[in-house]
Every structure is written in C-alpha cells, then in structure tokens.
>>> print(open('structure.txt').read())   # compact mmCIF, C-alpha atoms
# COMPACT_ATOMS: atom_id res chain seq x y z
CA MET D 1417 105.64 33.07 56.49
CA ALA D 1418 102.45 35.00 57.28
CA VAL D 1419 101.54 35.52 60.91
CA PRO D 1420 98.58 33.26 61.85
CA THR D 1421 95.37 35.24 62.47
CA TRP D 1422 95.19 33.97 66.05
CA LEU D 1423 98.64 35.38 66.84
CA GLU D 1424 97.90 38.98 67.74
CA SER D 1425 99.95 42.13 68.20
CA ASP D 1426 97.52 45.06 68.22
CA GLN D 1427 97.18 46.40 71.75
CA ASN D 1428 94.06 48.42 70.96
CA VAL D 1429 92.30 45.34 69.68
CA PHE D 1430 93.18 43.48 72.88
CA ILE D 1431 92.02 46.37 75.06
CA SER D 1432 88.62 46.48 73.37
CA SER D 1433 88.29 42.69 73.14
CA PRO D 1434 86.24 40.65 75.63
CA TYR D 1435 89.42 38.81 76.65
CA SER D 1436 91.58 39.71 79.64
CA LEU D 1437 94.20 36.99 79.45
CA ALA D 1438 96.69 35.80 76.87
CA ILE D 1439 100.07 34.12 76.54
CA ALA D 1440 102.54 36.72 75.25
CA ILE D 1441 105.60 35.63 73.30
CA LYS D 1442 108.69 37.38 71.98
CA LYS D 1443 111.87 36.38 70.22
CA ILE D 1444 114.96 36.72 72.41
CA ALA D 1445 117.57 34.98 70.23
CA SER D 1446 117.80 33.58 66.71
CA ASP D 1447 116.34 30.28 67.89
CA ARG D 1448 114.58 31.08 71.15
CA PHE D 1449 111.47 32.69 72.60
CA HIS D 1450 110.44 34.07 75.96
CA ILE D 1451 106.84 34.09 77.21
CA GLY D 1452 104.69 35.56 79.96
CA ILE D 1453 101.10 35.98 81.11
CA LEU D 1454 99.54 39.00 79.42
CA TYR D 1455 96.62 40.37 81.39
CA LYS D 1456 94.34 43.36 81.26
CA ASN D 1457 93.75 44.89 84.67
CA LEU D 1458 90.68 46.89 85.74
CA LYS D 1459 92.28 50.11 84.55
CA ASN D 1460 92.64 48.51 81.12
CA GLU D 1461 96.43 48.53 81.44
CA LEU D 1462 98.21 45.68 79.71
CA GLN D 1463 100.74 43.94 81.94
CA VAL D 1464 103.05 41.01 81.35
CA LEU D 1465 103.84 38.82 84.35
CA HIS D 1466 106.89 36.77 83.42
CA PHE D 1467 109.67 34.75 84.95
CA ALA D 1468 112.78 36.31 83.41
CA PHE D 1469 115.46 34.14 85.02
CA HIS D 1470 116.65 32.66 88.34
CA HIS D 1471 115.12 34.71 91.19
CA ASP D 1472 113.85 37.28 88.71
CA LEU D 1473 110.06 37.50 88.47
CA ARG D 1474 108.82 40.62 86.69
CA ASN D 1475 105.56 42.42 86.05
CA GLU D 1476 105.93 44.97 83.26
CA ARG D 1477 103.86 47.03 80.87
CA LEU D 1478 103.34 45.26 77.56
CA ASP D 1479 105.74 46.56 74.94
CA ASN D 1480 105.82 46.24 71.16
CA SER D 1481 108.22 43.29 71.17
CA TYR D 1482 105.43 40.83 72.03
CA HIS D 1483 102.83 38.92 70.06
CA TRP D 1484 100.18 36.96 71.92
CA VAL D 1485 97.43 34.38 71.74
CA ASN D 1486 94.22 35.10 73.66
CA ILE D 1487 93.04 32.54 76.16
CA ARG D 1488 89.38 32.21 75.27
CA LEU D 1489 88.21 32.24 78.81
CA ASN D 1490 84.86 33.57 79.98
CA ARG D 1491 85.23 37.17 81.22
CA THR D 1492 83.97 36.39 84.71
CA ARG D 1493 86.30 33.46 85.06
CA ALA D 1494 89.24 35.45 83.70
CA LYS D 1495 88.67 38.24 86.18
CA GLY D 1496 89.51 36.01 89.11
CA VAL D 1497 92.70 34.89 87.37
CA VAL D 1498 93.71 38.49 86.68
CA TYR D 1499 93.42 39.23 90.39
CA GLN D 1500 95.61 36.27 91.19
CA CYS D 1501 98.21 37.52 88.70
CA GLU D 1502 98.18 40.97 90.26
CA LEU D 1503 98.62 39.52 93.72
CA ILE D 1504 101.48 37.29 92.63
CA ALA D 1505 103.06 40.24 90.84
CA SER D 1506 102.94 42.31 94.01
CA LYS D 1507 105.17 39.78 95.81
CA LYS D 1508 108.86 39.37 95.17
CA ALA D 1509 108.90 35.64 94.63
CA LYS D 1510 112.34 34.02 94.61
CA ILE D 1511 111.86 31.30 92.06
CA PRO D 1512 114.81 29.10 91.15
CA TYR D 1513 115.49 28.30 87.52
CA GLY D 1514 115.01 24.70 86.38
CA ILE D 1515 113.84 23.07 83.18
CA THR D 1516 111.63 20.04 83.76
CA TYR D 1517 108.17 20.67 85.18
CA LYS D 1518 106.91 18.18 87.74
CA GLY D 1519 103.87 19.98 89.12
CA GLY D 1520 105.26 22.84 91.24
CA GLN D 1521 103.14 25.86 92.07
CA ILE D 1522 103.31 29.52 92.97
CA ASN D 1523 100.89 30.31 95.74
CA LYS D 1524 99.16 33.63 96.25
CA SER D 1525 101.65 34.59 98.92
CA GLY D 1526 104.25 34.51 96.21
CA TYR D 1527 106.16 31.46 97.34
CA TYR D 1528 107.26 28.77 94.98
CA SER D 1529 106.47 25.26 96.18
CA SER D 1530 108.46 22.77 94.17
CA ALA D 1531 107.11 19.36 93.35
CA LEU D 1532 109.11 16.26 94.28
CA ASN D 1533 112.53 16.35 92.53
CA GLU D 1534 111.68 19.57 90.71
CA VAL D 1535 114.69 21.89 90.41
CA GLY D 1536 112.87 25.07 89.44
CA LEU D 1537 110.85 26.70 86.68
CA THR D 1538 111.31 28.22 83.23
CA CYS D 1539 109.33 31.12 81.79
CA THR D 1540 106.99 28.50 80.36
CA THR D 1541 106.53 26.29 83.39
CA PHE D 1542 106.08 29.38 85.58
CA ILE D 1543 102.82 29.92 83.66
CA LEU D 1544 101.84 26.31 84.25
CA ALA D 1545 102.62 26.72 87.94
CA VAL D 1546 100.28 29.70 88.15
CA PHE D 1547 97.50 28.55 85.83
CA GLU D 1548 97.35 24.85 86.39
CA ALA D 1549 98.12 24.54 90.06
CA GLN D 1550 96.47 27.69 91.26
CA VAL D 1551 93.43 28.62 89.22
CA GLY D 1552 92.45 25.50 87.31
CA ILE D 1553 93.40 26.56 83.79
CA LYS D 1554 94.83 23.46 82.17
CA LEU D 1555 96.24 24.44 78.80
CA VAL D 1556 98.45 21.42 78.18
CA ASP D 1557 98.68 17.86 79.35
CA TRP D 1558 102.29 18.36 80.47
CA GLN D 1559 102.72 14.74 81.42
CA SER D 1560 102.41 13.82 77.72
CA TRP D 1561 105.54 15.85 76.82
CA GLU D 1562 108.43 14.08 75.18
CA SER D 1563 112.14 14.48 75.61
CA ARG D 1564 113.92 15.66 72.44
CA PRO D 1565 117.63 15.39 71.75
CA GLU D 1566 118.02 19.06 70.74
CA ASP D 1567 116.85 20.17 74.19
CA THR D 1568 120.25 19.13 75.55
CA GLN D 1569 121.71 22.12 73.71
CA PHE D 1570 119.22 24.33 75.50
CA VAL D 1571 120.24 22.90 78.89
CA ASN D 1572 123.90 23.52 78.07
CA HIS D 1573 123.12 27.07 77.00
CA MET D 1574 121.21 27.85 80.21
CA VAL D 1575 123.86 26.26 82.43
CA SER D 1576 126.51 28.42 80.73
CA ALA D 1577 124.30 31.49 81.12
CA MET D 1578 123.98 30.85 84.87
CA ARG D 1579 127.73 30.41 85.32
CA GLU D 1580 128.32 33.51 83.20
CA ARG D 1581 126.02 35.50 85.42
CA ASN D 1582 127.92 34.37 88.50
CA LYS D 1583 131.20 35.47 86.95
CA LYS D 1584 129.88 38.95 86.32
CA ASN D 1585 128.75 39.47 89.91
CA THR D 1586 131.16 39.97 92.79
CA ASN D 1587 129.04 37.61 94.85
CA PRO D 1588 127.75 34.64 92.90
CA THR D 1589 123.96 34.67 93.10
CA ILE D 1590 123.25 31.19 91.80
CA PRO D 1591 124.79 28.43 93.93
CA GLU D 1592 126.92 25.99 91.95
CA ALA D 1593 124.97 23.13 93.51
CA HIS D 1594 121.81 24.51 91.93
CA ILE D 1595 123.45 24.87 88.53
CA LYS D 1596 124.63 21.26 88.81
CA SER D 1597 121.06 20.16 89.59
CA VAL D 1598 119.82 21.88 86.43
CA GLU D 1599 122.62 20.25 84.44
CA GLU D 1600 121.95 16.76 85.79
CA ASP D 1601 118.14 16.82 85.82
CA ILE D 1602 116.30 14.80 83.19
CA CYS D 1603 115.28 17.17 80.43
CA ILE D 1604 111.69 17.22 79.23
CA ARG D 1605 111.27 20.74 77.98
CA ILE D 1606 107.95 22.42 77.23
CA ARG D 1607 108.95 25.08 74.74
CA PRO D 1608 107.54 28.63 74.95
CA GLU D 1609 105.97 28.45 71.50
CA GLU D 1610 104.23 25.19 72.46
CA LEU D 1611 102.48 26.62 75.51
CA THR D 1612 101.62 29.78 73.56
CA ALA D 1613 100.09 27.70 70.77
CA SER D 1614 97.92 25.77 73.23
CA ALA D 1615 95.94 28.96 73.91
CA LYS D 1616 94.55 28.96 70.36
CA PHE D 1617 92.39 25.94 71.15
CA SER D 1618 88.85 26.31 72.44
CA ILE D 1619 88.10 25.61 76.08
CA ALA D 1620 86.39 22.36 75.07
CA GLU D 1621 89.62 21.11 73.46
CA LEU D 1622 91.87 21.84 76.42
CA PRO D 1623 94.16 20.52 77.76
CA VAL D 1624 96.01 19.67 74.57
CA ASP D 1625 98.73 17.06 74.41
CA PHE D 1626 102.25 17.16 73.02
CA LEU D 1627 101.32 15.99 69.52
CA LYS D 1628 98.33 18.24 69.04
CA VAL D 1629 100.25 21.41 69.82
CA GLN D 1630 103.13 20.79 67.41
CA LEU D 1631 101.50 22.22 64.28
CA PRO D 1632 100.40 25.60 65.71
CA ALA D 1633 103.73 25.83 67.59
CA SER D 1634 105.60 25.43 64.30
CA GLU D 1635 103.42 28.18 62.82
CA ILE D 1636 104.46 30.56 65.60
CA LYS D 1637 108.09 29.62 65.07
CA ALA D 1638 107.90 30.18 61.33
CA ALA D 1639 106.16 33.53 61.75
CA LEU D 1640 108.34 35.03 64.48
CA LEU D 1641 111.85 33.58 64.15
CA MET J 813 64.19 47.12 100.44
CA ASN J 814 67.85 46.42 100.04
CA PHE J 815 70.29 45.52 102.76
CA ASN J 816 71.56 49.05 103.12
CA GLN J 817 68.09 50.60 103.47
CA LYS J 818 67.03 47.95 105.96
CA ASN J 819 69.98 48.67 108.16
CA GLN J 820 69.44 52.40 107.91
CA THR J 821 65.96 52.18 109.37
CA SER J 822 66.70 49.65 112.07
CA THR J 823 69.97 51.00 113.36
CA ASN J 824 69.75 54.76 113.00
CA LEU J 825 70.28 55.46 116.66
CA GLN J 826 73.06 52.91 117.00
CA ASP J 827 74.63 54.22 113.83
CA SER J 828 74.99 57.71 115.15
CA ILE J 829 76.66 56.46 118.32
CA VAL J 830 78.75 53.77 116.72
CA GLY J 831 79.44 56.01 113.72
CA SER J 832 81.34 58.56 115.74
CA GLN J 833 83.14 55.76 117.54
CA ILE J 834 84.17 54.23 114.23
CA ARG J 835 85.20 57.57 112.85
CA GLN J 836 87.49 58.18 115.83
CA ASN J 837 88.98 54.74 115.62
CA TYR J 838 89.28 54.82 111.88
CA GLU J 839 91.28 58.03 112.17
CA GLY J 840 93.31 56.34 114.90
CA TYR J 841 93.99 53.47 112.57
CA ILE J 842 94.96 55.64 109.64
CA ASN J 843 97.30 57.72 111.80
CA SER J 844 98.75 54.73 113.58
CA SER J 845 102.49 54.40 112.98
CA SER J 846 102.40 50.61 112.91
CA LYS J 847 99.53 49.09 110.99
CA THR J 848 100.62 45.58 111.72
CA THR J 849 100.60 45.86 115.50
CA PRO J 850 97.16 45.23 116.98
CA THR J 851 95.82 48.13 119.03
CA THR J 852 92.83 48.55 121.28
CA PRO J 853 91.01 51.00 118.98
CA ARG J 854 90.93 48.37 116.29
CA LYS J 855 89.18 46.03 118.70
CA VAL J 856 86.42 48.61 119.01
CA LEU J 857 86.22 48.68 115.23
CA ILE J 858 85.55 44.99 115.20
CA ARG J 859 82.74 45.25 117.65
CA SER J 860 81.14 47.92 115.52
CA PHE J 861 81.88 46.17 112.25
CA PRO J 862 78.27 45.03 111.62
CA TYR J 863 77.29 48.68 111.39
CA THR J 864 79.94 49.73 108.93
CA THR J 865 77.87 48.52 105.99
CA SER J 866 74.99 50.82 106.86
CA LEU J 867 77.38 53.67 107.54
CA TYR J 868 78.99 53.12 104.22
CA SER J 869 79.21 56.42 102.32
CA GLN J 870 76.97 58.14 104.88
CA ASP J 871 78.10 58.91 108.43
CA LEU J 872 81.67 58.12 107.59
CA GLU J 873 81.71 59.20 103.97
CA VAL J 874 84.51 56.77 103.30
CA SER J 875 85.35 55.38 99.92
CA ASP J 876 85.32 51.66 99.22
CA GLU J 877 89.06 51.68 99.42
CA SER J 878 89.24 53.25 102.84
CA LEU J 879 86.43 51.03 104.06
CA PHE J 880 88.50 48.13 102.89
CA SER J 881 91.46 49.52 104.80
CA VAL J 882 89.33 49.67 107.91
CA TRP J 883 88.32 46.11 107.38
CA LEU J 884 91.89 44.98 106.84
CA GLY J 885 93.01 46.89 109.89
CA CYS J 886 90.59 45.06 112.10
CA HIS J 887 90.74 41.74 110.37
CA ALA J 888 93.16 40.24 112.85
CA PHE J 889 90.56 40.52 115.57
CA VAL J 890 87.58 39.23 113.65
CA ILE J 891 88.02 35.93 115.44
CA GLU J 892 86.53 37.60 118.50
CA ARG J 893 83.14 37.52 116.81
CA GLU J 894 80.92 34.60 116.08
CA GLN J 895 82.10 33.07 112.83
CA GLU J 896 78.73 32.71 111.15
CA SER J 897 77.71 36.34 111.57
CA GLU J 898 81.23 37.38 110.65
CA ALA J 899 80.88 35.52 107.35
CA ASN J 900 77.55 37.23 106.70
CA ASP J 901 79.07 40.64 107.38
CA VAL J 902 82.00 40.02 105.05
CA VAL J 903 79.75 38.80 102.26
CA LYS J 904 77.28 41.67 102.65
CA LEU J 905 80.12 44.17 102.59
CA ALA J 906 81.59 42.57 99.48
CA ARG J 907 78.19 42.55 97.79
CA LEU J 908 77.71 46.22 98.54
CA SER J 909 81.24 47.21 97.56
CA TYR J 910 80.95 45.40 94.24
CA GLU J 911 78.31 47.84 92.97
CA ASN J 912 80.76 50.74 93.12
CA ASP J 913 84.18 49.17 93.13
CA GLU J 914 84.70 45.59 91.98
CA ASP J 915 88.31 45.74 93.00
CA SER J 916 87.56 46.27 96.70
CA ALA J 917 84.97 43.51 96.70
CA TYR J 918 87.36 40.98 95.18
CA ARG J 919 90.20 41.92 97.46
CA LEU J 920 88.00 41.80 100.53
CA LEU J 921 86.85 38.26 99.78
CA TYR J 922 90.19 37.00 98.50
CA ASN J 923 92.06 38.32 101.47
CA TYR J 924 89.56 36.90 103.92
CA VAL J 925 89.46 33.44 102.41
CA ASP J 926 93.16 33.28 101.74
CA THR J 927 93.98 34.29 105.29
CA ALA J 928 91.61 31.64 106.61
CA LEU J 929 93.29 28.99 104.46
CA GLU J 930 96.89 30.09 104.15
CA GLN J 931 97.43 30.99 107.78
CA HIS J 932 94.92 28.91 109.67
CA LEU J 933 93.84 26.12 107.32
CA ASN J 934 90.36 26.85 108.67
CA ALA J 935 87.81 25.00 106.53
CA GLU J 936 84.93 26.01 108.80
CA LYS J 937 85.50 29.70 108.03
CA VAL J 938 85.48 29.04 104.31
CA LYS J 939 82.34 26.91 104.60
CA ASN J 940 80.62 29.79 106.42
CA ILE J 941 81.63 32.22 103.68
CA PHE J 942 80.35 29.87 100.97
CA GLU J 943 77.01 29.47 102.76
CA ALA J 944 76.71 33.21 103.38
CA ALA J 945 77.58 33.89 99.74
CA ILE J 946 74.72 31.72 98.50
CA LYS J 947 72.26 32.91 101.13
CA ASN J 948 72.97 36.58 100.46
CA ASN J 949 72.84 36.30 96.68
CA LEU J 950 76.42 37.38 96.13
CA GLN J 951 77.08 38.45 92.54
CA ILE J 952 78.00 35.62 90.13
CA ASP J 953 81.41 37.21 89.44
CA LEU J 954 82.27 37.06 93.11
CA LEU J 955 80.96 33.52 93.51
CA VAL J 956 83.24 32.40 90.69
CA GLY J 957 86.02 34.42 92.31
CA LEU J 958 85.54 32.43 95.51
CA LEU J 959 85.78 29.17 93.58
CA THR J 960 88.96 30.43 91.91
CA VAL J 961 90.72 31.55 95.06
CA THR J 962 90.00 28.26 96.82
CA TYR J 963 90.98 26.08 93.86
CA ARG J 964 94.42 25.15 95.07
CA PHE J 965 93.02 24.09 98.43
CA ASP J 966 90.71 21.58 96.81
CA TYR J 967 92.62 18.69 98.37
CA PHE J 968 91.59 20.07 101.75
CA LEU J 969 88.14 21.46 100.91
CA ALA J 970 86.94 18.92 98.35
CA SER J 971 83.41 18.24 99.62
CA ILE J 972 82.84 21.83 100.75
CA ARG J 973 83.92 23.17 97.36
CA GLN J 974 81.87 20.57 95.50
CA GLU J 975 78.73 21.60 97.36
CA PHE J 976 79.45 25.29 96.74
CA PHE J 977 80.26 24.59 93.09
CA ASN J 978 76.88 22.88 92.63
CA SER J 979 75.03 25.82 94.17
CA VAL J 980 76.94 28.33 92.03
CA LYS J 981 76.23 26.24 88.93
CA ILE J 982 72.49 26.23 89.59
CA LYS J 983 72.46 30.01 90.09
CA ALA J 984 74.63 30.60 87.02
CA ILE J 985 72.52 28.42 84.75
CA LYS J 986 69.41 30.34 85.81
CA ALA J 987 71.09 33.67 85.14
CA LEU J 988 73.32 32.95 82.17
CA GLY J 989 72.24 29.69 80.57
CA GLU J 990 73.99 26.36 80.25
CA THR J 991 76.67 27.20 77.65
CA GLU J 992 78.04 30.30 79.32
CA THR J 993 77.97 28.58 82.70
CA THR J 994 79.97 25.63 81.40
CA GLU J 995 82.64 27.98 80.02
CA MET J 996 82.68 30.09 83.14
CA LEU J 997 83.13 27.19 85.51
CA TRP J 998 85.57 25.28 83.31
CA GLY J 999 88.37 23.68 85.31
CA LEU J 1000 87.25 24.98 88.68
CA ILE J 1001 86.55 21.62 90.27
>>> encode(input="structure.txt", output="structure tokens")
Amino acid sequence: MAVPTWLESDQNVFISSPYSLAIAIKKIASDRFHIGILYKNLKNELQVLHFAFHHDLRNERLDNSYHWVNIRLNRTRAKGVVYQCELIASKKAKIPYGITYKGGQINKSGYYSSALNEVGLTCTTFILAVFEAQVGIKLVDWQSWESRPEDTQFVNHMVSAMRERNKKNTNPTIPEAHIKSVEEDICIRIRPEELTASAKFSIAELPVDFLKVQLPASEIKAALL
Amino acid sequence: MNFNQKNQTSTNLQDSIVGSQIRQNYEGYINSSSKTTPTTPRKVLIRSFPYTTSLYSQDLEVSDESLFSVWLGCHAFVIEREQESEANDVVKLARLSYENDEDSAYRLLYNYVDTALEQHLNAEKVKNIFEAAIKNNLQIDLLVGLLTVTYRFDYFLASIRQEFFNSVKIKAIKALGETETTEMLWGLI
C-alpha cells in the first residue's frame, strides 16, 4: 500500500519545514512499531526522544529507519515544547515499563510521577506523559481507549522480554514484583501507530478519540508493516 | 531609548566600579572548583546583578552563555534581594538575551520559574515574573514559553496563570491576529 502523504520520511523537508515537532515511528518486528518524539533543536539537528524499555530513556539523532507525522503546532508554541524535550533528554530518568496509561507524567527534573495504580509507561504513553501532562498538547482522549483481546498477546510478549532480559544479566535489573504487576495489570493499550496517526489531525480536531484514530492508524500499519 | 542605553547613561560611574568587581567575581566563579557550593564572591555578584544588563557585552565582554552562567552561579542567593525588582531584572535580562541568543533567554526564564516552583512551590515569585514580563514587553515567544513551563503547575497557579494567559492573549492578538493566537495558545490553559 502507498505511504500516506502525511507520513513523512525526508529529513531535508522536515528541516526546512515550519514544524519542529513530530511523532516518529519505526517498525521493530513483523507486527510491532516503536515511536518517539522527533524534534528539531535550534541548531536544526533532528533528535528523537524515546522510551526504549524499562529504565532506558534515550535521545538520539534521527536515523533513516523512521517515518513521522508532523504535529501542526504553531512555531512559537512548539519552541517551548522543544526546550522541555531537551531538558528531559538531559536527565537520566528511570522510568519503569508498564502498559496501561492512567495519567502519569515526566516532570522537567526528569522524574516519573506515576498516577494512581499506574505500573509504568510504554514508548507511546511516555509521549502522552510528556505532552499531555507537561505542556498541554492533548493528541488523544486516552480515556476513550478500549481494551482489545489481541493486546493480551502483547502483554505476554513484553513480560517474556523482561524475564529474558533478567536472565541475560548477572544481576536482574527488573524486579520480579514489577514484572508481575505488568502481567496482572488491566490492559488498555494505546498502540504506537494510533498515537502517531493522531498527529495528522488539525489542532482544532484534537484530542481525537479511539474510534476516530483507527482509520489513519490502519493506513500507517498497511504502509509500514 | 532602550533599556540598555538608559542604563548606560544613568549608571556609567557605578558600572565602572561594579564592572571590575563583577569581572573579578565572575573569574572567581568560573575558576571555582565547586560550582554548587555557595561562596562569598557569588554574593557580591548578586548585589551587583542589576548592573549586569548594562554591562552586557561591554565592560565584561561576556557572551550570553557566560552571562547566563554568571546568573546561574548566583541564583541561589537571589532571595537576598527584593523579589519584585529581582523579577524585573530577570525579565529584562531575558528580553535582552533573546535578541542575540534565544537559547539563553529561554533557559534563563525556565530555570528561574522551574526552581521557584519545583523547589520552593513559590507562587509569589512566579506572579512577579508574570507581571514583570507583561510590564517589560517581553517577546511573545518568551511569554508563551512562560505559559508552557508553568502548565503542569496549573493546579497550584490556576488564577495567576489565567490572568497571565489573558494578558498574553491580548498582546498576541494585537501582534499576530486572532487565528494565529488561537493556534499558539492552544491547550495552554
């Protein structure tokens, strides 16, 4: 399937565009994506701030593996958000992994403040934690999200990945109690392609709900998987 | 006459005295082995802080970045000064810095406001900065930056932010028109 026109991949176009912020997405498995905040700093360098895994927050140069959707935010407004991203990136935040978002936030000092009964964040909800709770960018109405049976497979996969990681290290880095919390938590998963797709909507249409984002999310999936 | 010129004419004599004092203490600060431990020289810096804006790029010949370092170095002692004039100084310095180096201006304001909120939960300090920002015609970019950095403290600053938001909106509509202002301020309150 053809790549939608709003799903971009040309770095030069982004550099010369009036936009400084985007959601960047890349395929990491045959059925899965990973996403991060793509931002253009004052030196016109393209950086991706992304939550890679449990206690692993990264800020890296954009590479060719990503596509992205621009957030159509006013330049002045975006500038303040870019500064927040840079400041968060400069801290070594220890964010636990967890699937269901309940309103947690990352503050400028780099600390993760979980919401009540929230286990941790995913790459997707990390972006919500920064945008929604910290700088007022509400891309999705996350409380409208629905639980889907196939997300159980995702939970199982991530739980196995965490246990696998512990086996490889001499000292387990993810406490078993935490893994159990992820396993037992209710699962309402906001998928990476869904949050990415929300950025295609105009500011006036945001935040978008679960149903509205399904069509553009399926377009991303068809184009990139 | 801009702020810088005004200060030049009114404080020339003080500048030359305070300038050398600042220079000495600035060098002391830069060479200090521990930048987190308060030292007496930095206290002197604070007392001379009002003059640093007029000395900017002249007596001291410091870049925005090093001026910012000076400011950060003495920040811990700013509480010694009257809060209202402190807010005016910070805003004037940010306004001036912005012309040459946006980055320093943003960081100066962000760091100041965030320290006031994160460490001290001091709404009065933020209110003073907001008022000084409007009074001193701070650039629209920086006004929006102030709204952004205080967003997550809205639960604590609600009425103060609302008042500041309204003032920023009026200024922005005059300068940019209704449509651009609406987009720019989207989600900030």
>>> atom_distance(input="structure.txt", atom1="CA of Ser1425 in chain D", atom2="CA of His1573 in chain D")
29.0 Å
>>> interface_residues(input="structure.txt", of="chain J", to="chain D", cutoff="12 Å", atoms="all atoms listed in the file", output="number ranges by chain")
J: 913-923, 925-927, 929-931, 951-967, 984, 988, 991-1001
>>> atom_distance(input="structure.txt", atom1="CA of Leu969 in chain J", atom2="CA of Ile1511 in chain D")
27.2 Å
>>> atom_distance(input="structure.txt", atom1="CA of Ala944 in chain J", atom2="CA of Lys983 in chain J")
14.3 Å
>>> closest_residue(input="structure.txt", among="D:Gln1630, D:His1483, D:Ser1576, D:Ile1453", to="Ala1545 in chain D", atoms="all atoms listed in the file")
D:Ile1453
